[in-house]
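Chemist: Before anything else, here's the structure in question.
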Amino acid sequence: MDKKPNLLIYQDLIEPISDAIYELQEIADNYKQEPPSADYVNKGVFAYVIALLEGSVTECVERYLFSFPEKLPKVKIESEKYMSEISDTDFSYELIALLIREYLIENSYENGGLMLQKYCQLLGVTNLSPLFNKKLNEKKARRNSLIHNNLKVDSKYIRTAKGDPRNKGKYMRVRPVYVIETVEAALEILKKLESELDAKYGSYTILKAVKDVWAYIFQSAIMKFDDYWGVNGDMLYIKTEGIKKYYKSLSSGEKTLLFYFIQNYNPGACEKLFKFHDLNMQVSNNHQMIFLVSVFDRFPLLLQNLKSIQPASFFKYVSE
């Protein structure tokens with residue numbers, strides 16, 4: 001594998017959507033059991049539901065673009081603004097993160113339907129914007145009015161929600177039934193999006209990502225993944241007999257890359273399998289080591305469990 005792999009992991013991609021669905025379902029269940037009577041509670045939950053919908057989709061797109069940066073549409077950036085932020089880093093993903101952040105910020109000013117249309121097109125899934133426009137367009141306009149105009153009907157609300165001009169100046173309400181309607185509309189979109197993503201990207205497993213990384217890093221005939229690693233249930237394990245078989249034939253660079261790879265699996269194993277004088281620290285400057293370091297920086301537990309993965313807090317930084 002000569003081309004750097006696009007490190008997409010389905011569980012990582014879908015996590016923001018799945019978490020939002022779980023939380024929205026919990027809100028719906030609580031509301032149906034015991035609807036709150038306080039207006040401020042209903043207003044707060046309503047605003048949060050819209051934010052949760054938009055935020056989960058945006059984070060999903062963010063993770064997708066980080067795996068496929070070549071799909072990132074062109075964005076205008078102020079070079080001086082970001083030069084200081086990337087000048088001290090060795091990794092291109094810092095620049096990619098800044099470009100993705102700029103793109104997402106730029107799109108956050110779009111209306112909800114148009115934003116969803118762009119994101120669905122980017123993800124290569126069915127356009128769900130008609131569903132948003134039909135069920136959530138007015139609700140987002142009301143959310144904006146809640147935040148910026150204390151729920152007072154103004155010209156912007158009338159234009160966005162296609163409301164009756166005769167209602168201009170009146171105050172709107174956010175009742176429990178309206179909150180439930182909003183939750184159910186958001187759930188419908190997210191569940192459809194989850195299904196679309198599963199059909200398109202469900203095969204991008206953690207094991208596939210690990211094998212793609214290995215194939216890119218180690219390309220010689222004596223560095224086949226299955227000679228060094230086995231799978232037992234959800235866990236990887238080292239085939240020590242494979243390492244012992246090929247160890248003397250490996251170059252110092254290959255030994256160093258293998259050492260770093262295994263160190264992120266089990267640091268203790270390195271002491272038993274490697275000799276320090278066999279390693280070549282100069283390999284730390286080559287593109288394969290830089291890529292490998294960036295992979296484990298992003299997914300520090302990549303080798304620990306093939307069904308469960310938590311990315312590093314890097315995405316929190318990108319979103320800030």
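We label chains A, B, ... in the order they appear in the structure tokens, count residues from 1 in each chain, and number ligands from 1 in the order shown.
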Could you give me, as a compact mmCIF listing (two decimals) with N, CA, C and O atoms, in the first residue's frame, each residue of region 135-300 of chain A that DSSP assigns to helix (DSSP H, G or I) when run on this structure's backbone?

Modeler:
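Generated file (states.txt):
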```
# COMPACT_ATOMS: atom_id res chain seq x y z
N LYS A 135 -40.25 19.48 8.60
CA LYS A 135 -40.60 19.30 10.01
C LYS A 135 -39.83 20.18 10.98
O LYS A 135 -40.27 20.36 12.13
N ASN A 137 -37.89 23.24 9.95
CA ASN A 137 -37.54 24.59 9.52
C ASN A 137 -38.16 25.64 10.44
O ASN A 137 -37.49 26.58 10.90
N GLU A 138 -39.45 25.49 10.74
CA GLU A 138 -40.11 26.44 11.64
C GLU A 138 -39.54 26.35 13.04
O GLU A 138 -39.38 27.36 13.72
N LYS A 139 -39.21 25.14 13.45
CA LYS A 139 -38.71 24.94 14.82
C LYS A 139 -37.34 25.59 15.00
O LYS A 139 -37.06 26.17 16.05
N LYS A 140 -36.50 25.51 13.98
CA LYS A 140 -35.21 26.17 14.09
C LYS A 140 -35.41 27.70 14.10
O LYS A 140 -34.72 28.42 14.83
N ALA A 141 -36.35 28.19 13.29
CA ALA A 141 -36.62 29.63 13.28
C ALA A 141 -37.12 30.09 14.64
O ALA A 141 -36.75 31.16 15.13
N ARG A 142 -37.93 29.25 15.29
CA ARG A 142 -38.42 29.60 16.63
C ARG A 142 -37.27 29.53 17.65
O ARG A 142 -37.22 30.34 18.57
N ARG A 143 -36.37 28.56 17.49
CA ARG A 143 -35.21 28.49 18.37
C ARG A 143 -34.37 29.76 18.25
O ARG A 143 -33.92 30.33 19.25
N ASN A 144 -34.16 30.21 17.02
CA ASN A 144 -33.39 31.44 16.81
C ASN A 144 -34.09 32.65 17.41
O ASN A 144 -33.45 33.53 17.99
N SER A 145 -35.41 32.65 17.30
CA SER A 145 -36.18 33.74 17.91
C SER A 145 -36.08 33.69 19.43
O SER A 145 -36.01 34.73 20.09
N LEU A 146 -36.07 32.49 19.99
CA LEU A 146 -35.93 32.33 21.44
C LEU A 146 -34.60 32.91 21.91
O LEU A 146 -34.53 33.63 22.91
N ILE A 147 -33.54 32.62 21.17
CA ILE A 147 -32.22 33.05 21.60
C ILE A 147 -31.99 34.54 21.35
O ILE A 147 -31.41 35.24 22.19
N HIS A 148 -32.47 35.04 20.23
CA HIS A 148 -32.12 36.40 19.82
C HIS A 148 -33.23 37.43 20.01
O HIS A 148 -32.96 38.63 20.00
N ASN A 149 -34.48 36.96 20.16
CA ASN A 149 -35.58 37.93 20.18
C ASN A 149 -36.66 37.58 21.19
O ASN A 149 -37.81 38.02 21.07
N SER A 155 -39.79 39.92 11.37
CA SER A 155 -39.76 39.72 9.91
C SER A 155 -38.89 38.51 9.53
O SER A 155 -39.22 37.77 8.60
N LYS A 156 -37.78 38.32 10.25
CA LYS A 156 -36.90 37.20 9.94
C LYS A 156 -37.58 35.88 10.21
O LYS A 156 -37.48 34.94 9.40
N TYR A 157 -38.30 35.77 11.31
CA TYR A 157 -39.02 34.54 11.61
C TYR A 157 -40.08 34.27 10.54
O TYR A 157 -40.22 33.15 10.06
N ILE A 158 -40.84 35.30 10.17
CA ILE A 158 -41.90 35.15 9.17
C ILE A 158 -41.31 34.70 7.84
O ILE A 158 -41.86 33.81 7.18
N ARG A 159 -40.17 35.28 7.45
CA ARG A 159 -39.55 34.93 6.18
C ARG A 159 -39.00 33.50 6.22
O ARG A 159 -39.19 32.72 5.27
N THR A 160 -38.33 33.12 7.31
CA THR A 160 -37.71 31.80 7.40
C THR A 160 -38.74 30.69 7.56
O THR A 160 -38.65 29.65 6.91
N ALA A 161 -39.71 30.91 8.43
CA ALA A 161 -40.70 29.88 8.74
C ALA A 161 -41.93 29.96 7.85
O ALA A 161 -42.86 29.17 8.01
N PRO A 165 -47.72 37.06 8.21
CA PRO A 165 -47.23 38.42 8.54
C PRO A 165 -48.09 39.12 9.58
O PRO A 165 -47.62 40.02 10.28
N ARG A 166 -49.37 38.71 9.69
CA ARG A 166 -50.25 39.36 10.66
C ARG A 166 -49.87 39.04 12.10
O ARG A 166 -50.35 39.71 13.04
N ASN A 167 -49.01 38.04 12.29
CA ASN A 167 -48.57 37.68 13.64
C ASN A 167 -47.35 38.46 14.10
O ASN A 167 -46.86 38.24 15.22
N PRO A 176 -44.82 21.69 26.23
CA PRO A 176 -44.25 20.33 26.22
C PRO A 176 -44.54 19.55 24.95
O PRO A 176 -43.66 18.85 24.44
N VAL A 177 -45.75 19.66 24.41
CA VAL A 177 -46.09 18.92 23.20
C VAL A 177 -45.23 19.37 22.02
O VAL A 177 -44.86 18.59 21.15
N TYR A 178 -44.90 20.66 22.01
CA TYR A 178 -44.05 21.20 20.95
C TYR A 178 -42.62 20.66 21.09
O TYR A 178 -41.96 20.36 20.09
N VAL A 179 -42.16 20.54 22.32
CA VAL A 179 -40.83 19.96 22.56
C VAL A 179 -40.79 18.52 22.08
O VAL A 179 -39.83 18.10 21.41
N ILE A 180 -41.83 17.74 22.40
CA ILE A 180 -41.88 16.34 21.98
C ILE A 180 -41.88 16.23 20.45
O ILE A 180 -41.18 15.39 19.87
N GLU A 181 -42.65 17.11 19.79
CA GLU A 181 -42.67 17.12 18.32
C GLU A 181 -41.27 17.39 17.76
O GLU A 181 -40.85 16.77 16.77
N THR A 182 -40.56 18.30 18.39
CA THR A 182 -39.21 18.65 17.94
C THR A 182 -38.26 17.47 18.13
O THR A 182 -37.45 17.16 17.24
N VAL A 183 -38.36 16.82 19.27
CA VAL A 183 -37.51 15.66 19.55
C VAL A 183 -37.76 14.56 18.53
O VAL A 183 -36.82 13.96 17.98
N GLU A 184 -39.02 14.28 18.26
CA GLU A 184 -39.37 13.20 17.34
C GLU A 184 -38.91 13.51 15.91
O GLU A 184 -38.46 12.62 15.19
N ALA A 185 -39.00 14.77 15.52
CA ALA A 185 -38.53 15.17 14.18
C ALA A 185 -37.01 15.03 14.08
O ALA A 185 -36.47 14.56 13.06
N ALA A 186 -36.30 15.41 15.14
CA ALA A 186 -34.84 15.29 15.16
C ALA A 186 -34.44 13.81 15.14
O ALA A 186 -33.50 13.42 14.44
N LEU A 187 -35.15 13.00 15.92
CA LEU A 187 -34.86 11.56 15.95
C LEU A 187 -35.06 10.92 14.59
O LEU A 187 -34.26 10.07 14.17
N GLU A 188 -36.09 11.32 13.89
CA GLU A 188 -36.36 10.74 12.57
C GLU A 188 -35.19 10.99 11.62
O GLU A 188 -34.74 10.09 10.90
N ILE A 189 -34.68 12.21 11.62
CA ILE A 189 -33.56 12.55 10.74
C ILE A 189 -32.30 11.79 11.15
O ILE A 189 -31.60 11.21 10.30
N LEU A 190 -31.99 11.78 12.43
CA LEU A 190 -30.76 11.13 12.89
C LEU A 190 -30.79 9.62 12.67
O LEU A 190 -29.77 9.02 12.33
N LYS A 191 -31.93 9.01 12.88
CA LYS A 191 -32.03 7.56 12.66
C LYS A 191 -31.89 7.22 11.18
O LYS A 191 -31.26 6.21 10.82
N LYS A 192 -32.46 8.05 10.31
CA LYS A 192 -32.29 7.83 8.87
C LYS A 192 -30.83 8.02 8.48
O LYS A 192 -30.29 7.26 7.66
N LEU A 193 -30.20 9.05 9.04
CA LEU A 193 -28.79 9.29 8.73
C LEU A 193 -27.92 8.14 9.24
O LEU A 193 -26.99 7.70 8.55
N GLU A 194 -28.22 7.65 10.43
CA GLU A 194 -27.48 6.52 10.99
C GLU A 194 -27.58 5.30 10.08
O GLU A 194 -26.59 4.60 9.83
N SER A 195 -28.78 5.05 9.58
CA SER A 195 -28.99 3.91 8.69
C SER A 195 -28.22 4.07 7.38
O SER A 195 -27.61 3.12 6.88
N GLU A 196 -28.22 5.27 6.84
CA GLU A 196 -27.48 5.55 5.60
C GLU A 196 -25.98 5.37 5.81
O GLU A 196 -25.29 4.79 4.97
N LEU A 197 -25.47 5.87 6.92
CA LEU A 197 -24.04 5.76 7.21
C LEU A 197 -23.63 4.30 7.45
O LEU A 197 -22.55 3.88 7.04
N ASP A 198 -24.51 3.55 8.09
CA ASP A 198 -24.22 2.14 8.34
C ASP A 198 -24.10 1.38 7.03
O ASP A 198 -23.19 0.55 6.86
N ALA A 199 -25.01 1.66 6.10
CA ALA A 199 -24.98 0.97 4.81
C ALA A 199 -23.73 1.32 4.00
O ALA A 199 -23.17 0.46 3.31
N LYS A 200 -23.28 2.55 4.11
CA LYS A 200 -22.16 3.01 3.29
C LYS A 200 -20.80 2.75 3.94
O LYS A 200 -19.82 2.44 3.26
N TYR A 201 -20.73 2.90 5.27
CA TYR A 201 -19.42 2.86 5.93
C TYR A 201 -19.30 1.77 7.01
O TYR A 201 -18.30 1.73 7.72
N ILE A 206 -12.55 -1.33 12.95
CA ILE A 206 -11.27 -1.04 13.60
C ILE A 206 -10.18 -1.96 13.06
O ILE A 206 -9.05 -1.53 12.79
N LEU A 207 -10.52 -3.25 12.87
CA LEU A 207 -9.53 -4.19 12.34
C LEU A 207 -9.06 -3.77 10.95
O LEU A 207 -7.87 -3.87 10.62
N LYS A 208 -9.98 -3.31 10.12
CA LYS A 208 -9.60 -2.84 8.79
C LYS A 208 -8.63 -1.66 8.90
O LYS A 208 -7.63 -1.58 8.17
N ALA A 209 -8.91 -0.74 9.81
CA ALA A 209 -8.03 0.41 10.00
C ALA A 209 -6.64 -0.02 10.44
O ALA A 209 -5.63 0.48 9.93
N VAL A 210 -6.58 -0.96 11.39
CA VAL A 210 -5.29 -1.45 11.88
C VAL A 210 -4.51 -2.10 10.74
O VAL A 210 -3.30 -1.85 10.56
N LYS A 211 -5.18 -2.92 9.95
CA LYS A 211 -4.51 -3.59 8.84
C LYS A 211 -4.05 -2.60 7.77
O LYS A 211 -2.98 -2.76 7.17
N ASP A 212 -4.86 -1.56 7.52
CA ASP A 212 -4.48 -0.55 6.53
C ASP A 212 -3.25 0.23 6.99
O ASP A 212 -2.36 0.54 6.19
N VAL A 213 -3.22 0.55 8.28
CA VAL A 213 -2.05 1.26 8.83
C VAL A 213 -0.81 0.37 8.70
O VAL A 213 0.26 0.82 8.26
N TRP A 214 -0.95 -0.89 9.06
CA TRP A 214 0.17 -1.83 8.99
C TRP A 214 0.67 -1.96 7.54
O TRP A 214 1.88 -1.92 7.29
N ALA A 215 -0.25 -2.10 6.59
CA ALA A 215 0.13 -2.29 5.20
C ALA A 215 0.86 -1.06 4.64
O ALA A 215 1.73 -1.19 3.78
N TYR A 216 0.51 0.11 5.13
CA TYR A 216 1.17 1.33 4.68
C TYR A 216 2.57 1.45 5.30
O TYR A 216 3.52 1.88 4.64
N ILE A 217 2.68 1.07 6.56
CA ILE A 217 3.95 1.19 7.27
C ILE A 217 4.95 0.11 6.86
O ILE A 217 6.13 0.37 6.64
N PHE A 225 0.88 -8.81 7.93
CA PHE A 225 0.15 -8.59 9.18
C PHE A 225 -0.17 -9.92 9.89
O PHE A 225 0.03 -10.04 11.11
N ASP A 226 -0.63 -10.90 9.12
CA ASP A 226 -1.07 -12.16 9.74
C ASP A 226 0.08 -12.99 10.30
O ASP A 226 -0.15 -13.93 11.07
N ASP A 227 1.31 -12.66 9.93
CA ASP A 227 2.46 -13.35 10.50
C ASP A 227 2.81 -12.83 11.89
O ASP A 227 3.51 -13.50 12.66
N TYR A 228 2.35 -11.61 12.19
CA TYR A 228 2.73 -10.96 13.45
C TYR A 228 1.55 -10.80 14.42
O TYR A 228 1.76 -10.64 15.61
N THR A 240 4.33 -14.07 18.75
CA THR A 240 5.76 -13.91 19.05
C THR A 240 6.62 -14.80 18.16
O THR A 240 7.76 -14.45 17.84
N GLU A 241 6.06 -15.93 17.73
CA GLU A 241 6.85 -16.82 16.87
C GLU A 241 7.14 -16.16 15.52
O GLU A 241 8.19 -16.39 14.91
N GLY A 242 6.21 -15.31 15.06
CA GLY A 242 6.42 -14.59 13.81
C GLY A 242 7.54 -13.57 13.93
O GLY A 242 8.38 -13.44 13.03
N ILE A 243 7.54 -12.85 15.05
CA ILE A 243 8.59 -11.86 15.27
C ILE A 243 9.95 -12.55 15.38
O ILE A 243 10.94 -12.11 14.78
N LYS A 244 10.02 -13.65 16.13
CA LYS A 244 11.28 -14.36 16.29
C LYS A 244 11.77 -14.94 14.95
O LYS A 244 12.97 -14.97 14.68
N LYS A 245 10.83 -15.34 14.11
CA LYS A 245 11.19 -15.94 12.83
C LYS A 245 11.86 -14.93 11.90
O LYS A 245 12.83 -15.26 11.21
N TYR A 246 11.32 -13.69 11.89
CA TYR A 246 11.80 -12.71 10.92
C TYR A 246 12.70 -11.63 11.52
O TYR A 246 13.23 -10.80 10.78
N TYR A 247 12.86 -11.63 12.81
CA TYR A 247 13.54 -10.51 13.48
C TYR A 247 14.92 -10.20 12.89
O TYR A 247 15.23 -9.05 12.58
N LYS A 248 15.74 -11.20 12.68
CA LYS A 248 17.10 -10.98 12.21
C LYS A 248 17.13 -10.46 10.77
O LYS A 248 18.12 -9.85 10.34
N SER A 249 16.06 -10.73 10.02
CA SER A 249 16.01 -10.30 8.62
C SER A 249 15.47 -8.89 8.45
O SER A 249 15.54 -8.33 7.35
N SER A 252 16.98 -2.17 10.48
CA SER A 252 16.87 -1.44 11.74
C SER A 252 15.67 -0.49 11.71
O SER A 252 15.01 -0.27 12.73
N GLY A 253 15.37 0.04 10.53
CA GLY A 253 14.21 0.92 10.40
C GLY A 253 12.92 0.17 10.63
O GLY A 253 12.01 0.66 11.32
N GLU A 254 12.80 -1.02 10.06
CA GLU A 254 11.61 -1.85 10.25
C GLU A 254 11.45 -2.25 11.71
O GLU A 254 10.34 -2.26 12.26
N LYS A 255 12.59 -2.59 12.35
CA LYS A 255 12.53 -2.94 13.78
C LYS A 255 12.05 -1.77 14.62
O LYS A 255 11.28 -1.94 15.57
N THR A 256 12.48 -0.58 14.26
CA THR A 256 12.09 0.61 15.03
C THR A 256 10.60 0.90 14.87
O THR A 256 9.91 1.20 15.84
N LEU A 257 10.11 0.81 13.64
CA LEU A 257 8.68 1.02 13.40
C LEU A 257 7.85 -0.05 14.10
O LEU A 257 6.81 0.23 14.70
N LEU A 258 8.32 -1.29 14.04
CA LEU A 258 7.62 -2.38 14.70
C LEU A 258 7.64 -2.19 16.21
O LEU A 258 6.63 -2.44 16.90
N PHE A 259 8.77 -1.75 16.74
CA PHE A 259 8.88 -1.47 18.17
C PHE A 259 7.83 -0.44 18.60
O PHE A 259 7.13 -0.63 19.60
N TYR A 260 7.72 0.66 17.84
CA TYR A 260 6.76 1.70 18.20
C TYR A 260 5.32 1.19 18.09
O TYR A 260 4.46 1.51 18.92
N PHE A 261 5.07 0.38 17.07
CA PHE A 261 3.72 -0.18 16.88
C PHE A 261 3.34 -1.04 18.08
O PHE A 261 2.26 -0.88 18.67
N ILE A 262 4.23 -1.95 18.45
CA ILE A 262 3.95 -2.85 19.56
C ILE A 262 3.92 -2.10 20.90
O ILE A 262 3.16 -2.46 21.81
N GLN A 263 4.70 -1.05 21.02
CA GLN A 263 4.70 -0.26 22.25
C GLN A 263 3.31 0.32 22.52
O GLN A 263 2.91 0.45 23.68
N PRO A 267 3.53 -1.97 26.09
CA PRO A 267 4.92 -1.54 26.29
C PRO A 267 5.81 -2.61 26.89
O PRO A 267 7.00 -2.72 26.56
N GLY A 268 5.25 -3.44 27.76
CA GLY A 268 6.03 -4.47 28.40
C GLY A 268 6.55 -5.52 27.43
O GLY A 268 7.61 -6.11 27.65
N ALA A 269 5.79 -5.74 26.35
CA ALA A 269 6.20 -6.76 25.38
C ALA A 269 7.48 -6.36 24.65
O ALA A 269 8.25 -7.22 24.23
N CYS A 270 7.69 -5.04 24.50
CA CYS A 270 8.86 -4.56 23.76
C CYS A 270 10.16 -4.98 24.44
O CYS A 270 11.16 -5.29 23.79
N GLU A 271 10.17 -4.96 25.77
CA GLU A 271 11.39 -5.32 26.50
C GLU A 271 11.79 -6.77 26.24
O GLU A 271 12.98 -7.10 26.25
N LYS A 272 10.82 -7.62 25.99
CA LYS A 272 11.10 -9.03 25.78
C LYS A 272 11.44 -9.35 24.32
O LYS A 272 12.13 -10.33 24.04
N LEU A 273 10.96 -8.50 23.40
CA LEU A 273 11.08 -8.83 21.99
C LEU A 273 12.18 -8.07 21.25
O LEU A 273 12.63 -8.50 20.19
N PHE A 276 17.63 -2.77 22.26
CA PHE A 276 17.70 -1.33 21.98
C PHE A 276 18.75 -1.00 20.92
O PHE A 276 18.55 -0.15 20.06
N HIS A 277 19.88 -1.72 20.93
CA HIS A 277 20.95 -1.39 19.99
C HIS A 277 20.59 -1.78 18.55
O HIS A 277 21.29 -1.42 17.60
N ASP A 278 19.49 -2.53 18.38
CA ASP A 278 19.05 -2.90 17.03
C ASP A 278 18.19 -1.81 16.38
O ASP A 278 17.88 -1.89 15.19
N MET A 281 17.06 5.26 15.56
CA MET A 281 16.26 6.43 15.93
C MET A 281 16.10 7.43 14.79
O MET A 281 15.22 8.28 14.82
N GLN A 282 16.91 7.35 13.75
CA GLN A 282 16.78 8.27 12.63
C GLN A 282 15.47 8.06 11.87
O GLN A 282 15.01 8.95 11.17
N VAL A 283 14.88 6.89 12.03
CA VAL A 283 13.63 6.60 11.35
C VAL A 283 12.50 7.50 11.85
O VAL A 283 11.45 7.64 11.21
N SER A 284 12.71 8.13 13.01
CA SER A 284 11.67 9.00 13.57
C SER A 284 11.35 10.18 12.66
O SER A 284 10.32 10.82 12.82
N ASN A 285 12.24 10.48 11.72
CA ASN A 285 12.02 11.61 10.83
C ASN A 285 11.34 11.23 9.51
O ASN A 285 11.00 12.11 8.73
N HIS A 287 8.46 9.70 6.81
CA HIS A 287 7.03 9.96 6.71
C HIS A 287 6.20 8.84 7.31
O HIS A 287 5.09 9.07 7.80
N GLN A 288 6.72 7.60 7.30
CA GLN A 288 5.97 6.49 7.87
C GLN A 288 5.85 6.62 9.39
O GLN A 288 4.78 6.40 9.96
N MET A 289 6.96 6.99 10.05
CA MET A 289 6.91 7.16 11.50
C MET A 289 6.03 8.36 11.87
O MET A 289 5.26 8.30 12.84
N ILE A 290 6.13 9.44 11.11
CA ILE A 290 5.29 10.61 11.39
C ILE A 290 3.81 10.24 11.27
O ILE A 290 2.99 10.62 12.11
N PHE A 291 3.48 9.46 10.24
CA PHE A 291 2.10 9.01 10.08
C PHE A 291 1.68 8.12 11.25
O PHE A 291 0.59 8.27 11.81
N LEU A 292 2.55 7.19 11.63
CA LEU A 292 2.23 6.26 12.71
C LEU A 292 2.00 6.99 14.03
O LEU A 292 1.06 6.68 14.78
N VAL A 293 2.85 7.96 14.31
CA VAL A 293 2.69 8.75 15.53
C VAL A 293 1.36 9.51 15.49
O VAL A 293 0.64 9.57 16.50
N SER A 294 0.99 10.05 14.33
CA SER A 294 -0.26 10.79 14.23
C SER A 294 -1.47 9.87 14.43
O SER A 294 -2.48 10.27 15.00
N VAL A 295 -1.35 8.62 13.97
CA VAL A 295 -2.44 7.66 14.15
C VAL A 295 -2.69 7.38 15.62
O VAL A 295 -3.83 7.44 16.11
N PHE A 296 -1.61 7.10 16.37
CA PHE A 296 -1.78 6.77 17.78
C PHE A 296 -2.05 8.02 18.63
O PHE A 296 -2.56 7.92 19.74
N ASP A 297 -1.71 9.18 18.10
CA ASP A 297 -2.08 10.40 18.77
C ASP A 297 -3.58 10.61 18.67
O ASP A 297 -4.23 11.07 19.61
N ARG A 298 -4.13 10.26 17.54
CA ARG A 298 -5.57 10.40 17.33
C ARG A 298 -6.37 9.28 18.00
O ARG A 298 -7.40 9.51 18.61
```

Chemist: What's the 10 Å shell around Ser18 (chain A), counting only C-alpha atoms, without same-chain residues fewer than 3 positions away, as an MDAnalysis selection string?

Modeler: chainID A and resid 11 13:15 21:24 56 190:191 194

Chemist: From region 91-287 of chain A, collect each residue whose DSSP state is strand (DSSP E or B) and return the set as a list of chain:residue names.

Modeler: A:Lys152, A:Tyr171, A:Trp229, A:Gly230, A:Val231, A:Asn232, A:Met235, A:Leu236, A:Tyr237, A:Ile238

Chemist: Return the single residue from A:Ala97, A:Val57, A:Val174, A:Leu306 that is closest to Pro16 (chain A), with distances computed using only C-alpha atoms.

Modeler: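 Among the listed residues, A:Val57 lies closest to Pro16 (chain A).
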
Chemist: Env of Ser108 (chain A): 12 Å cut, atoms = only C-alpha atoms, seq-sep filter 4 positions within chain, self excluded. Answer as an MDAnalysis selection string.

Modeler: chainID A and resid 51 54:55 57:59 101:104 112:116 118:119
